[in-house]
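Peer 1: Submitted below is the structure of interest, expressed as structure tokens.
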Amino acid sequence: MLRLHDTLTRTVRPVEPLTPGQLRLYSCGPTVYRSVHIGNLRTYLLADWIKRAARGSGLQVRHVKNITDVGHMRQELAERGGDKVIAAALAAGRTPRQIADAYEADFHADEAALGIEPADVFPRATGHIKEMLALIERLQGRGLAYTAGGNVYFDTAAHPGYGRLSGNATAALRAGAAAEADPDKRHPADFTLWKAAEPGRRFMVWESPFGPGFPGWHIECSAMSMAYLGESFDLHTGGVDNIFPHHEDELAQSEGATGATFAQLWVHGQHLLADGVKMAKATGNVYTLATLTERGYDPLAFRYLCAGVHYRTRLNFTLTALTAAQRGLQGLRQVVARGAAGAGAADPTLVARVRREVQQALEDDLALPRALATCWELVRRGPLDPAGKAACLLAVDPLLGLGLDRPPARAAADGAWRPAATAREEARSTGAYATADDQRRALLRAGVVPEDGAGGATRYRAATAVDRHRGLISSPQEVPDERDRADAAAVSVSLVCRDHLADVQRCLESLRRHRGPAPVEILALDNGAGGALGAYLDQVARSDPAVRVFHADHPLGEAAARNVTLRAARGTVILVADTGLEATGDCFTPLHRALSDPGTGAVGRWGVRTDELREFRQVEDLEVDAIEGYCLAFSRGRLREVGLFDEGFRFYRLLDFDWSLRLRAAGLHNRRLPDLPVTMHAHRGWEEADPEERDRLSRLNFRRFYARWHHRQDLVVAAGGRSEAPAAGGP
Ligand code: AMP
Ligand code: ZN
């Protein structure tokens with residue numbers, strides 16, 4: 001029997017359908033004014049596996065997944081330019097309906113690509129306004145709704161069960177209230193059932209007994225689930241962010257209206273993270289399925305990745321992890337392909353046993369990692385013939401949905417790569433292995449991988465994302481942490497390169513040209529640029545052993561990018577440099593000298609002071625509060641004492657100040673070196689960022705910075721004590 005974790009009772013409970021043999025399942029679906037991201041898709045995969053497990057245990061499933069096509073498409077936002085997609089679409093003469101249709105079609109395509117079986121019904125919110133209004137009137141009839149300012153609200157105080165699902169969480173209520181302060185509400189937790197249309201609203205307006213307007217978000221799901229599954233049904237799914245307020249509110253208004261139990265069991269999937277934080281458009285770390293397929297990944301590799309982590313555990317997405325998943329998937333498909341090609345018959349009792357084991361794993365609160373482990377144990381088992389293994393894998397595939405019968409790799413189509421292949425074969429036959437290696441790289445660039453057989457014959461297959469990902473990193477944690485190892489250079493330069501090849505060349509060449517007598521290593525990160533910039537860095541590294549290059553598979557946040565180089569650095573001193581920096585003389589010797597003073601924390605060419613940790617002034621004083629990150633140096637040992645950069649700083653701004661204050665908190669001085677032979681050209685990271693985006697990221701970083709330091713105003717030079725020079729006046 002299928003057992004799942006129920007958020008309401010916080011226990012793993014058996015799923016016992018209200019109608020024996022018939023599971024009724026409701027899933028909160030997508031909001032179709034933007035593309036779904038792979039975090040959303042992880043949650044839809046959860047419902048799909050529940051269905052497969054239920055069917056495997058003999059249940060029939062009726063699945064409803066709604067399409068939210070109203071409520072977020074706010075006219076005023078569109079006109080203010082708040083929602084760029086809608087603004088652009090309106091400018092192009094498209095209606096919200098057309099936008100919703102386009103995104104809905106994309107959503108269905110993504111689900112299909114992931115092997116997610118379509119729900120039986122995909123009701124659209126705009127098609128169920130009547131049902132929502134009827135529900136609101138029922139709530140009014142039971143004294144659970146009130147009208148104020150033309151809106152209708154749910155009266156949470158009148159519903160005793162409110163807060164049961166989220167376990168609540170007055171803090172959550174307060175947070176919700178702060179985000180949405182509304183003077184018409186009687187209680188901050190009350191939520192909108194019906195919202196009056198603002199003047200001039202042209203789209204998404206309906207007549208109602210309360211006047212023209214549009215429904216609140218939560219009422220949609222209550223109305224549509226009841227319309228297709230009845231007032232009581234078995235299972236309700238969503239991501240953990242749905243628990244509050246969406247499902248709390250859905251539960252209250254549904255049970256408030258009917259007096260009956262709404263869903264028997266609530267299942268919530270944990271989030272998919274990227275770069276260690278929740279994937280969300282506002283954070284700028286969103287991957288869509290299209291971004292993965294463009295890079296050559298099989299969508300089902302993402303499904304495999306999700307199967308490897310229990311649904312109640314957060315999953316940090318990286319392309320490195322996805323690459324491993326694709327390799328795993330290819331491995332299973334190879335076993336199936338070999339079995340199909342080879343002879344031998346499957347043992348039906350073994351097939352049945354493996355199927356039962358996988359089914360049992362799924363029934364045990366969807367233990368998919370265990371189901372995958374069962375598959376791999378089978379594959380690794382010695383004496384079993386290939387046909388037997390293939391039969392077992394094919395038998396469990398309907399439960400897993402991994403498309404294990406698909407060919408593991410494609411042969412390369414004929415093309416312009418042939419001459420490189422011939423050149424490589426010739427080079428190999430004469431033992432010119434360096435040339436052969438060059439040709440192998442040329443082939444890979446052309447999307448082809450040579451596989452040399454035992455007899456000397458070479459087969460050519462199409463390169464996969466696994467081949468392309470070789471040598472790329474997804475996060476600093478993939479780079480060995482060398483902080484405890486002995487110094488191996490006088491100075492390590494940290495250079496993060498995003499684009500602007502000419503800047504990178506100017507900076508890197510100037511640093512190489514002005515190396516003094518002491519050994520300097522330059523650690524350059526190609527931060528997701530690839531192309532000509534990546535090739536340039538590789539070429540420099542080949543000719544200069546003092547230059548080491550790392551390639552990130554996507555643009556890492558500023559602190560994470562820096563940490564790649566900081567983990568790998570072996571210099572006594574580290575110089576963090578912006579690619580807008582140009583050395584005009586040997587800057588390494590003076591940095592090294594300045595940092596040999598044990599009381600000094602950071603040094604650099606430019607610095608700031610502050611009086612109140614809000615505004616920072618660039619100053620000429622020698623003692624400063626913070627050294628600016630264009631040119632910021634410190635002893636490598638400090639990374640052991642105070643840690644690496646804080647990866648919460650995804651934007652470069654204030655990261656340098658944060659780091660500088662950490663050094664001040666450790667009792668050290670930060671000093672400007674006004675004669676350091678460097679100049680600064682345009683700072684592209686600032687100049688070319690989208691102004692709105694830049695402000696938003698700056699604000700996020702500021703909040704982080706301020707939360708950490710505002711109660712430590714004693715640390716600033718102006719507070720006295722540590723200051724050598726008189727503090728400069730206020731702004
Ligand atoms: P939305 O379109 O934001 O309403 O989200 C659709 C579904 O995806 C909801 O069930 C959310 O709980 C879920 N969801 C949103 N973000 C994530 C994430 N980062 N990881 C997993 N599920 C998510
Ligand atoms: Zn919902």
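All residue names refer to the structure tokens as shown: chains lettered A, B, ... in order, residues numbered from 1 in each chain, ligands numbered from 1 in order.
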Taking only C-alpha atoms and all ligand atoms into account, which residues have an atom no farther than 6 Å from ligand 1? I'd like them as a list in words.

Peer 2: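 I would give the residues around ligand 1 as Cys28, Gly29, Pro30, Thr31, Gly39, Asn40, Arg42, Thr43, Gly238, Gly239, Val240, Asp241, Asn242, Gln270, His271, Leu272, Leu273, Lys278 and Met279 of chain A.
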
Peer 1: Leaving out Arg513 in chain A and any residue of its chain fewer than 3 positions from it, which residues lie within 12 Å of it when counting only C-alpha atoms, given as a list in words?

Peer 2: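 After dropping sequence-adjacent residues, the list is Gln505, Arg506, Cys507, Leu508, Glu509, Ser510, Gly516, Pro517, Val520, Asp544, Glu582, Ala583, Thr584, Gly585, Asp586, Cys587 and Phe588 of chain A.
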
Peer 1: Let me see the file: selected residues, all heavy atoms, as a CSV table (one decimal), in the first residue's frame.

Peer 2:
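The result, stored in out.csv:
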```
chain,number,residue,atom,x,y,z
A,505,GLN,N,42.4,41.0,-21.6
A,505,GLN,CA,43.8,40.9,-22.2
A,505,GLN,C,44.7,42.1,-21.6
A,505,GLN,O,45.8,41.8,-21.1
A,505,GLN,CB,43.7,41.1,-23.7
A,505,GLN,CG,43.4,39.8,-24.4
A,505,GLN,CD,43.1,40.1,-25.9
A,505,GLN,OE1,42.5,41.1,-26.3
A,505,GLN,NE2,43.4,39.1,-26.7
A,506,ARG,N,44.1,43.3,-21.5
A,506,ARG,CA,44.9,44.4,-21.0
A,506,ARG,C,45.3,44.1,-19.6
A,506,ARG,O,46.4,44.3,-19.2
A,506,ARG,CB,44.0,45.7,-21.1
A,506,ARG,CG,44.8,46.9,-20.6
A,506,ARG,CD,43.8,48.1,-20.6
A,506,ARG,NE,42.7,47.9,-19.8
A,506,ARG,CZ,41.5,48.4,-20.1
A,506,ARG,NH1,41.3,49.1,-21.1
A,506,ARG,NH2,40.5,48.1,-19.2
A,507,CYS,N,44.3,43.7,-18.8
A,507,CYS,CA,44.6,43.4,-17.4
A,507,CYS,C,45.6,42.3,-17.2
A,507,CYS,O,46.6,42.5,-16.5
A,507,CYS,CB,43.3,43.1,-16.7
A,507,CYS,SG,43.5,42.6,-14.9
A,508,LEU,N,45.3,41.2,-17.8
A,508,LEU,CA,46.2,40.0,-17.6
A,508,LEU,C,47.6,40.3,-18.2
A,508,LEU,O,48.6,40.0,-17.5
A,508,LEU,CB,45.6,38.8,-18.3
A,508,LEU,CG,46.2,37.5,-18.2
A,508,LEU,CD1,46.3,37.1,-16.7
A,508,LEU,CD2,45.4,36.4,-18.9
A,509,GLU,N,47.7,40.9,-19.3
A,509,GLU,CA,49.0,41.2,-19.9
A,509,GLU,C,49.8,42.2,-19.0
A,509,GLU,O,51.0,42.0,-18.8
A,509,GLU,CB,48.9,41.8,-21.3
A,509,GLU,CG,48.4,40.8,-22.3
A,509,GLU,CD,49.1,39.4,-22.3
A,509,GLU,OE1,50.3,39.3,-22.0
A,509,GLU,OE2,48.3,38.4,-22.4
A,510,SER,N,49.1,43.2,-18.5
A,510,SER,CA,49.8,44.2,-17.6
A,510,SER,C,50.4,43.5,-16.3
A,510,SER,O,51.5,43.7,-15.9
A,510,SER,CB,48.9,45.3,-17.3
A,510,SER,OG,47.9,45.0,-16.3
A,516,GLY,N,57.5,41.2,-10.5
A,516,GLY,CA,58.8,41.5,-10.0
A,516,GLY,C,59.6,40.3,-9.8
A,516,GLY,O,59.4,39.2,-10.5
A,517,PRO,N,60.6,40.3,-8.9
A,517,PRO,CA,61.4,39.1,-8.7
A,517,PRO,C,60.7,37.9,-8.0
A,517,PRO,O,61.0,36.8,-8.3
A,517,PRO,CB,62.5,39.7,-7.7
A,517,PRO,CG,61.9,40.9,-7.1
A,517,PRO,CD,60.9,41.5,-8.1
A,520,VAL,N,54.8,34.9,-8.9
A,520,VAL,CA,53.4,35.3,-8.9
A,520,VAL,C,52.6,34.3,-9.6
A,520,VAL,O,53.0,33.8,-10.7
A,520,VAL,CB,53.2,36.7,-9.6
A,520,VAL,CG1,51.7,37.0,-9.7
A,520,VAL,CG2,53.9,37.8,-8.8
A,544,ASP,N,52.2,30.0,-20.3
A,544,ASP,CA,52.7,30.5,-19.1
A,544,ASP,C,52.3,29.7,-17.9
A,544,ASP,O,51.1,29.7,-17.5
A,544,ASP,CB,52.2,32.0,-18.9
A,544,ASP,CG,52.8,32.7,-17.7
A,544,ASP,OD1,53.4,32.0,-16.8
A,544,ASP,OD2,52.6,33.9,-17.6
A,582,GLU,N,44.6,47.9,-14.5
A,582,GLU,CA,45.8,47.8,-15.3
A,582,GLU,C,47.0,48.1,-14.4
A,582,GLU,O,47.1,49.1,-13.8
A,582,GLU,CB,45.8,48.7,-16.5
A,582,GLU,CG,47.0,48.6,-17.4
A,582,GLU,CD,47.0,49.5,-18.6
A,582,GLU,OE1,46.0,50.2,-18.8
A,582,GLU,OE2,48.0,49.4,-19.4
A,583,ALA,N,48.0,47.2,-14.4
A,583,ALA,CA,49.2,47.4,-13.6
A,583,ALA,C,50.1,48.3,-14.5
A,583,ALA,O,50.3,48.0,-15.7
A,583,ALA,CB,49.9,46.1,-13.3
A,584,THR,N,50.7,49.3,-13.9
A,584,THR,CA,51.6,50.2,-14.6
A,584,THR,C,53.0,50.0,-14.1
A,584,THR,O,53.9,50.7,-14.6
A,584,THR,CB,51.2,51.7,-14.5
A,584,THR,OG1,51.1,52.0,-13.1
A,584,THR,CG2,49.9,51.9,-15.2
A,585,GLY,N,53.2,49.1,-13.2
A,585,GLY,CA,54.5,48.8,-12.6
A,585,GLY,C,54.4,47.6,-11.7
A,585,GLY,O,53.3,47.0,-11.7
A,586,ASP,N,55.4,47.3,-11.0
A,586,ASP,CA,55.4,46.1,-10.1
A,586,ASP,C,54.5,46.5,-8.9
A,586,ASP,O,55.0,47.2,-8.0
A,586,ASP,CB,56.8,45.7,-9.7
A,586,ASP,CG,56.8,44.6,-8.6
A,586,ASP,OD1,55.7,44.0,-8.4
A,586,ASP,OD2,57.9,44.5,-8.0
A,587,CYS,N,53.3,46.0,-8.9
A,587,CYS,CA,52.5,46.3,-7.7
A,587,CYS,C,52.6,45.1,-6.7
A,587,CYS,O,52.2,45.3,-5.5
A,587,CYS,CB,51.0,46.4,-8.1
A,587,CYS,SG,50.4,45.1,-9.0
A,588,PHE,N,53.2,44.0,-7.0
A,588,PHE,CA,53.3,42.9,-6.2
A,588,PHE,C,54.2,43.1,-5.0
A,588,PHE,O,53.9,42.8,-3.8
A,588,PHE,CB,53.6,41.6,-6.9
A,588,PHE,CG,52.7,41.4,-8.1
A,588,PHE,CD1,53.2,41.6,-9.4
A,588,PHE,CD2,51.4,41.0,-7.9
A,588,PHE,CE1,52.3,41.4,-10.5
A,588,PHE,CE2,50.6,40.8,-9.0
A,588,PHE,CZ,51.0,41.0,-10.3
```

Peer 1: Residues up to 7 Å from ligand 2, counting only C-alpha atoms and all ligand atoms: could you list those as an MDAnalysis selection string?

Peer 2: chainID A and resid 27:29 218 221 246:247

Peer 1: When you look at Ala561 in chain A with a cut-off of 12 Å (counting only C-alpha atoms), what residues show up, excluding the ones that are within fewer than 6 positions of it in the same chain? I need them as number ranges by chain.

Peer 2: A: 275, 473-479, 494-498, 523-528, 550-555, 567-568, 576, 644-652, 655

Peer 1: Enter the distance from CA of Asp621 in chain A to CA of His681 in chain A, in Å, rounded to one decimal.

Peer 2: 21.8 Å

Peer 1: Could you list, as a PyMOL selection string, every residue within 7 Å of Met132 in chain A, counting only C-alpha atoms and ignoring same-chain residues fewer than 2 positions away?

Peer 2: chain A and resi 128-130+134-136+219-220+223

Peer 1: Output all heavy atoms for every residue in that selection, as a PDB file, in the first residue's frame.

Peer 2:
```pdb
ATOM      1  N   HIS A 128     -13.430  29.142 -14.850  1.00  0.00           N
ATOM      2  CA  HIS A 128     -14.165  28.691 -13.657  1.00  0.00           C
ATOM      3  C   HIS A 128     -14.519  29.821 -12.712  1.00  0.00           C
ATOM      4  O   HIS A 128     -14.603  29.622 -11.501  1.00  0.00           O
ATOM      5  CB  HIS A 128     -13.360  27.601 -12.936  1.00  0.00           C
ATOM      6  CG  HIS A 128     -13.168  26.386 -13.785  1.00  0.00           C
ATOM      7  ND1 HIS A 128     -12.218  26.331 -14.781  1.00  0.00           N
ATOM      8  CD2 HIS A 128     -13.841  25.212 -13.835  1.00  0.00           C
ATOM      9  CE1 HIS A 128     -12.303  25.169 -15.409  1.00  0.00           C
ATOM     10  NE2 HIS A 128     -13.278  24.465 -14.849  1.00  0.00           N
ATOM     11  N   ILE A 129     -14.742  30.991 -13.285  1.00  0.00           N
ATOM     12  CA  ILE A 129     -15.085  32.147 -12.452  1.00  0.00           C
ATOM     13  C   ILE A 129     -16.442  31.908 -11.770  1.00  0.00           C
ATOM     14  O   ILE A 129     -16.609  32.246 -10.589  1.00  0.00           O
ATOM     15  CB  ILE A 129     -15.124  33.438 -13.309  1.00  0.00           C
ATOM     16  CG1 ILE A 129     -13.803  33.611 -14.062  1.00  0.00           C
ATOM     17  CG2 ILE A 129     -15.450  34.649 -12.445  1.00  0.00           C
ATOM     18  CD1 ILE A 129     -12.603  33.931 -13.217  1.00  0.00           C
ATOM     19  N   LYS A 130     -17.369  31.306 -12.515  1.00  0.00           N
ATOM     20  CA  LYS A 130     -18.707  31.058 -11.941  1.00  0.00           C
ATOM     21  C   LYS A 130     -18.610  30.209 -10.682  1.00  0.00           C
ATOM     22  O   LYS A 130     -19.208  30.508  -9.656  1.00  0.00           O
ATOM     23  CB  LYS A 130     -19.576  30.299 -12.961  1.00  0.00           C
ATOM     24  CG  LYS A 130     -20.465  31.202 -13.791  1.00  0.00           C
ATOM     25  CD  LYS A 130     -21.796  30.551 -14.200  1.00  0.00           C
ATOM     26  CE  LYS A 130     -21.749  29.122 -14.686  1.00  0.00           C
ATOM     27  NZ  LYS A 130     -21.519  28.966 -16.132  1.00  0.00           N
ATOM     28  N   ALA A 134     -19.604  31.187  -6.834  1.00  0.00           N
ATOM     29  CA  ALA A 134     -20.563  30.390  -6.057  1.00  0.00           C
ATOM     30  C   ALA A 134     -19.953  30.030  -4.703  1.00  0.00           C
ATOM     31  O   ALA A 134     -20.630  30.089  -3.656  1.00  0.00           O
ATOM     32  CB  ALA A 134     -20.929  29.123  -6.834  1.00  0.00           C
ATOM     33  N   LEU A 135     -18.675  29.710  -4.718  1.00  0.00           N
ATOM     34  CA  LEU A 135     -17.995  29.337  -3.465  1.00  0.00           C
ATOM     35  C   LEU A 135     -17.913  30.547  -2.520  1.00  0.00           C
ATOM     36  O   LEU A 135     -18.121  30.430  -1.306  1.00  0.00           O
ATOM     37  CB  LEU A 135     -16.592  28.826  -3.813  1.00  0.00           C
ATOM     38  CG  LEU A 135     -15.933  27.842  -2.869  1.00  0.00           C
ATOM     39  CD1 LEU A 135     -16.804  26.618  -2.635  1.00  0.00           C
ATOM     40  CD2 LEU A 135     -14.580  27.407  -3.444  1.00  0.00           C
ATOM     41  N   ILE A 136     -17.625  31.703  -3.095  1.00  0.00           N
ATOM     42  CA  ILE A 136     -17.534  32.915  -2.277  1.00  0.00           C
ATOM     43  C   ILE A 136     -18.897  33.208  -1.637  1.00  0.00           C
ATOM     44  O   ILE A 136     -18.984  33.559  -0.450  1.00  0.00           O
ATOM     45  CB  ILE A 136     -17.054  34.116  -3.137  1.00  0.00           C
ATOM     46  CG1 ILE A 136     -15.627  33.854  -3.646  1.00  0.00           C
ATOM     47  CG2 ILE A 136     -17.105  35.412  -2.335  1.00  0.00           C
ATOM     48  CD1 ILE A 136     -15.123  34.859  -4.671  1.00  0.00           C
ATOM     49  N   ILE A 219      -8.708  30.980  -4.154  1.00  0.00           N
ATOM     50  CA  ILE A 219     -10.059  30.490  -4.414  1.00  0.00           C
ATOM     51  C   ILE A 219     -10.114  29.641  -5.682  1.00  0.00           C
ATOM     52  O   ILE A 219     -10.917  28.728  -5.806  1.00  0.00           O
ATOM     53  CB  ILE A 219     -11.061  31.675  -4.475  1.00  0.00           C
ATOM     54  CG1 ILE A 219     -12.517  31.202  -4.350  1.00  0.00           C
ATOM     55  CG2 ILE A 219     -10.866  32.508  -5.727  1.00  0.00           C
ATOM     56  CD1 ILE A 219     -12.898  30.800  -2.960  1.00  0.00           C
ATOM     57  N   GLU A 220      -9.190  29.923  -6.603  1.00  0.00           N
ATOM     58  CA  GLU A 220      -9.142  29.152  -7.855  1.00  0.00           C
ATOM     59  C   GLU A 220      -9.051  27.671  -7.584  1.00  0.00           C
ATOM     60  O   GLU A 220      -9.770  26.866  -8.148  1.00  0.00           O
ATOM     61  CB  GLU A 220      -7.853  29.442  -8.622  1.00  0.00           C
ATOM     62  CG  GLU A 220      -7.720  30.766  -9.213  1.00  0.00           C
ATOM     63  CD  GLU A 220      -6.360  30.882  -9.889  1.00  0.00           C
ATOM     64  OE1 GLU A 220      -5.727  29.840 -10.169  1.00  0.00           O
ATOM     65  OE2 GLU A 220      -5.954  32.017 -10.141  1.00  0.00           O
ATOM     66  N   ALA A 223     -12.090  26.014  -6.011  1.00  0.00           N
ATOM     67  CA  ALA A 223     -13.211  25.868  -6.941  1.00  0.00           C
ATOM     68  C   ALA A 223     -12.934  24.768  -7.964  1.00  0.00           C
ATOM     69  O   ALA A 223     -13.796  23.934  -8.251  1.00  0.00           O
ATOM     70  CB  ALA A 223     -13.476  27.192  -7.641  1.00  0.00           C
TER      71      ALA A 223
END
```

Peer 1: Do you know which residues are at most 9 Å from Ile243 in chain A counting only C-alpha atoms, after dropping those on the same chain fewer than 5 positions away, and could you put them as a ChimeraX atom specification?

Peer 2: /A:7,165-166,238,248-249,268

Peer 1: Just want the 9 Å neighbourhood of Arg617 in chain A, counted on only C-alpha atoms, with same-chain residues fewer than 2 positions away dropped. Output as a list in words.

Peer 2: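 Selected residues are Gly607, Val608, Arg609, Thr610, Glu615, Val619 and Pro731 of chain A.
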
Peer 1: Can you pull out the residues contacting Pro215 in chain A? Cut-off 12 Å, using only C-alpha atoms, and skip same-chain residues under 5 positions away; I want them as number ranges by chain.

Peer 2: A: 68-73, 125-136, 151-153, 191-197, 204-208, 210, 220-223

Peer 1: Could you dump the residues just selected with N, CA, C and O atoms as a short mmCIF file (atom, residue, chain, number, x, y, z; two decimals), in the first residue's frame?

Peer 2:
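Final output, saved to result-v1.cif:
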```
data_model
loop_
_atom_site.label_atom_id
_atom_site.label_comp_id
_atom_site.auth_asym_id
_atom_site.auth_seq_id
_atom_site.Cartn_x
_atom_site.Cartn_y
_atom_site.Cartn_z
N THR A 68 -3.10 28.40 -13.80
CA THR A 68 -3.42 29.73 -13.28
C THR A 68 -3.17 30.75 -14.38
O THR A 68 -2.03 31.07 -14.69
N ASP A 69 -4.27 31.21 -14.97
CA ASP A 69 -4.11 32.16 -16.07
C ASP A 69 -4.77 33.50 -15.74
O ASP A 69 -5.15 34.25 -16.61
N VAL A 70 -4.89 33.77 -14.45
CA VAL A 70 -5.42 35.07 -14.02
C VAL A 70 -4.80 35.38 -12.67
O VAL A 70 -4.36 34.48 -11.95
N GLY A 71 -4.80 36.66 -12.33
CA GLY A 71 -4.41 37.01 -10.97
C GLY A 71 -3.02 37.59 -10.91
O GLY A 71 -2.77 38.50 -10.13
N HIS A 72 -2.14 37.09 -11.74
CA HIS A 72 -0.79 37.66 -11.71
C HIS A 72 -0.61 38.64 -12.86
O HIS A 72 0.37 39.33 -12.94
N MET A 73 -1.58 38.61 -13.78
CA MET A 73 -1.42 39.49 -14.94
C MET A 73 -2.05 40.82 -14.63
O MET A 73 -3.14 41.14 -15.06
N ALA A 125 -8.19 28.68 -14.72
CA ALA A 125 -8.88 29.54 -13.76
C ALA A 125 -9.92 30.41 -14.46
O ALA A 125 -11.05 30.54 -13.97
N THR A 126 -9.58 30.98 -15.61
CA THR A 126 -10.52 31.89 -16.26
C THR A 126 -11.78 31.17 -16.73
O THR A 126 -12.79 31.83 -17.00
N GLY A 127 -11.73 29.88 -16.83
CA GLY A 127 -12.91 29.13 -17.24
C GLY A 127 -13.79 28.74 -16.06
O GLY A 127 -14.80 28.04 -16.25
N HIS A 128 -13.43 29.14 -14.85
CA HIS A 128 -14.16 28.69 -13.66
C HIS A 128 -14.52 29.82 -12.71
O HIS A 128 -14.60 29.62 -11.50
N ILE A 129 -14.74 30.99 -13.29
CA ILE A 129 -15.09 32.15 -12.45
C ILE A 129 -16.44 31.91 -11.77
O ILE A 129 -16.61 32.25 -10.59
N LYS A 130 -17.37 31.31 -12.52
CA LYS A 130 -18.71 31.06 -11.94
C LYS A 130 -18.61 30.21 -10.68
O LYS A 130 -19.21 30.51 -9.66
N GLU A 131 -17.82 29.14 -10.75
CA GLU A 131 -17.66 28.24 -9.60
C GLU A 131 -17.02 28.99 -8.43
O GLU A 131 -17.34 28.75 -7.27
N MET A 132 -16.07 29.86 -8.74
CA MET A 132 -15.40 30.61 -7.66
C MET A 132 -16.41 31.55 -6.98
O MET A 132 -16.46 31.63 -5.75
N LEU A 133 -17.21 32.22 -7.80
CA LEU A 133 -18.21 33.14 -7.23
C LEU A 133 -19.21 32.37 -6.37
O LEU A 133 -19.60 32.83 -5.29
N ALA A 134 -19.60 31.19 -6.83
CA ALA A 134 -20.56 30.39 -6.06
C ALA A 134 -19.95 30.03 -4.70
O ALA A 134 -20.63 30.09 -3.66
N LEU A 135 -18.68 29.71 -4.72
CA LEU A 135 -17.99 29.34 -3.47
C LEU A 135 -17.91 30.55 -2.52
O LEU A 135 -18.12 30.43 -1.31
N ILE A 136 -17.62 31.70 -3.10
CA ILE A 136 -17.53 32.91 -2.28
C ILE A 136 -18.90 33.21 -1.64
O ILE A 136 -18.98 33.56 -0.45
N ASN A 151 -13.73 44.85 -2.16
CA ASN A 151 -13.14 43.51 -2.20
C ASN A 151 -13.89 42.58 -1.24
O ASN A 151 -14.53 43.04 -0.30
N VAL A 152 -13.77 41.29 -1.49
CA VAL A 152 -14.32 40.32 -0.55
C VAL A 152 -13.16 39.58 0.10
O VAL A 152 -12.23 39.15 -0.60
N TYR A 153 -13.20 39.47 1.42
CA TYR A 153 -12.12 38.81 2.15
C TYR A 153 -12.61 37.60 2.91
O TYR A 153 -13.76 37.56 3.35
N PHE A 191 -7.52 37.03 3.74
CA PHE A 191 -7.02 37.08 2.36
C PHE A 191 -8.16 37.33 1.39
O PHE A 191 -9.33 37.09 1.70
N THR A 192 -7.80 37.80 0.21
CA THR A 192 -8.77 38.22 -0.79
C THR A 192 -9.43 37.03 -1.47
O THR A 192 -8.73 36.13 -1.94
N LEU A 193 -10.74 37.07 -1.53
CA LEU A 193 -11.47 36.07 -2.32
C LEU A 193 -11.83 36.67 -3.68
O LEU A 193 -11.78 36.00 -4.70
N TRP A 194 -12.19 37.93 -3.65
CA TRP A 194 -12.56 38.65 -4.87
C TRP A 194 -11.99 40.05 -4.79
O TRP A 194 -12.07 40.69 -3.74
N LYS A 195 -11.39 40.49 -5.85
CA LYS A 195 -10.75 41.80 -5.84
C LYS A 195 -11.45 42.71 -6.85
O LYS A 195 -11.64 42.32 -8.01
N ALA A 196 -11.82 43.92 -6.41
CA ALA A 196 -12.47 44.86 -7.32
C ALA A 196 -11.48 45.30 -8.39
O ALA A 196 -10.30 45.49 -8.11
N ALA A 197 -11.98 45.44 -9.60
CA ALA A 197 -11.11 45.88 -10.71
C ALA A 197 -10.70 47.33 -10.48
O ALA A 197 -11.52 48.15 -10.08
N MET A 204 -9.06 40.71 -18.14
CA MET A 204 -9.27 39.87 -16.96
C MET A 204 -10.19 40.55 -15.94
O MET A 204 -9.83 40.70 -14.78
N VAL A 205 -11.32 40.99 -16.38
CA VAL A 205 -12.34 41.56 -15.48
C VAL A 205 -13.63 40.80 -15.69
O VAL A 205 -14.01 40.53 -16.83
N TRP A 206 -14.32 40.45 -14.59
CA TRP A 206 -15.59 39.74 -14.69
C TRP A 206 -16.64 40.45 -13.85
O TRP A 206 -16.31 41.05 -12.81
N GLU A 207 -17.88 40.36 -14.34
CA GLU A 207 -19.00 40.87 -13.55
C GLU A 207 -19.22 39.93 -12.38
O GLU A 207 -18.95 38.72 -12.49
N SER A 208 -19.68 40.49 -11.26
CA SER A 208 -19.96 39.64 -10.11
C SER A 208 -20.97 40.37 -9.23
O SER A 208 -21.17 41.58 -9.40
N PHE A 210 -20.45 41.38 -6.52
CA PHE A 210 -19.69 42.38 -5.73
C PHE A 210 -19.16 43.49 -6.64
O PHE A 210 -18.35 44.30 -6.22
N GLU A 220 -9.19 29.92 -6.60
CA GLU A 220 -9.14 29.15 -7.85
C GLU A 220 -9.05 27.67 -7.58
O GLU A 220 -9.77 26.87 -8.15
N CYS A 221 -8.07 27.33 -6.74
CA CYS A 221 -7.77 25.90 -6.57
C CYS A 221 -8.90 25.21 -5.82
O CYS A 221 -9.21 24.05 -6.12
N SER A 222 -9.54 25.92 -4.86
CA SER A 222 -10.68 25.31 -4.17
C SER A 222 -11.79 25.03 -5.18
O SER A 222 -12.36 23.93 -5.20
N ALA A 223 -12.09 26.01 -6.01
CA ALA A 223 -13.21 25.87 -6.94
C ALA A 223 -12.93 24.77 -7.96
O ALA A 223 -13.80 23.93 -8.25
#
```

Peer 1: Quick one: DSSP helix (DSSP H, G or I) residues in range 342-507 of chain A, as a PyMOL selection string?

Peer 2: chain A and resi 348-363+368-380+386-400+418-429+433-445+465-469+476-478+501-507

Peer 1: So which one's closest to Asp48 in chain A, A:Gly599, A:Pro519, A:Gly115, A:Pro199? Using only C-alpha atoms, please.

Peer 2: A:Gly115
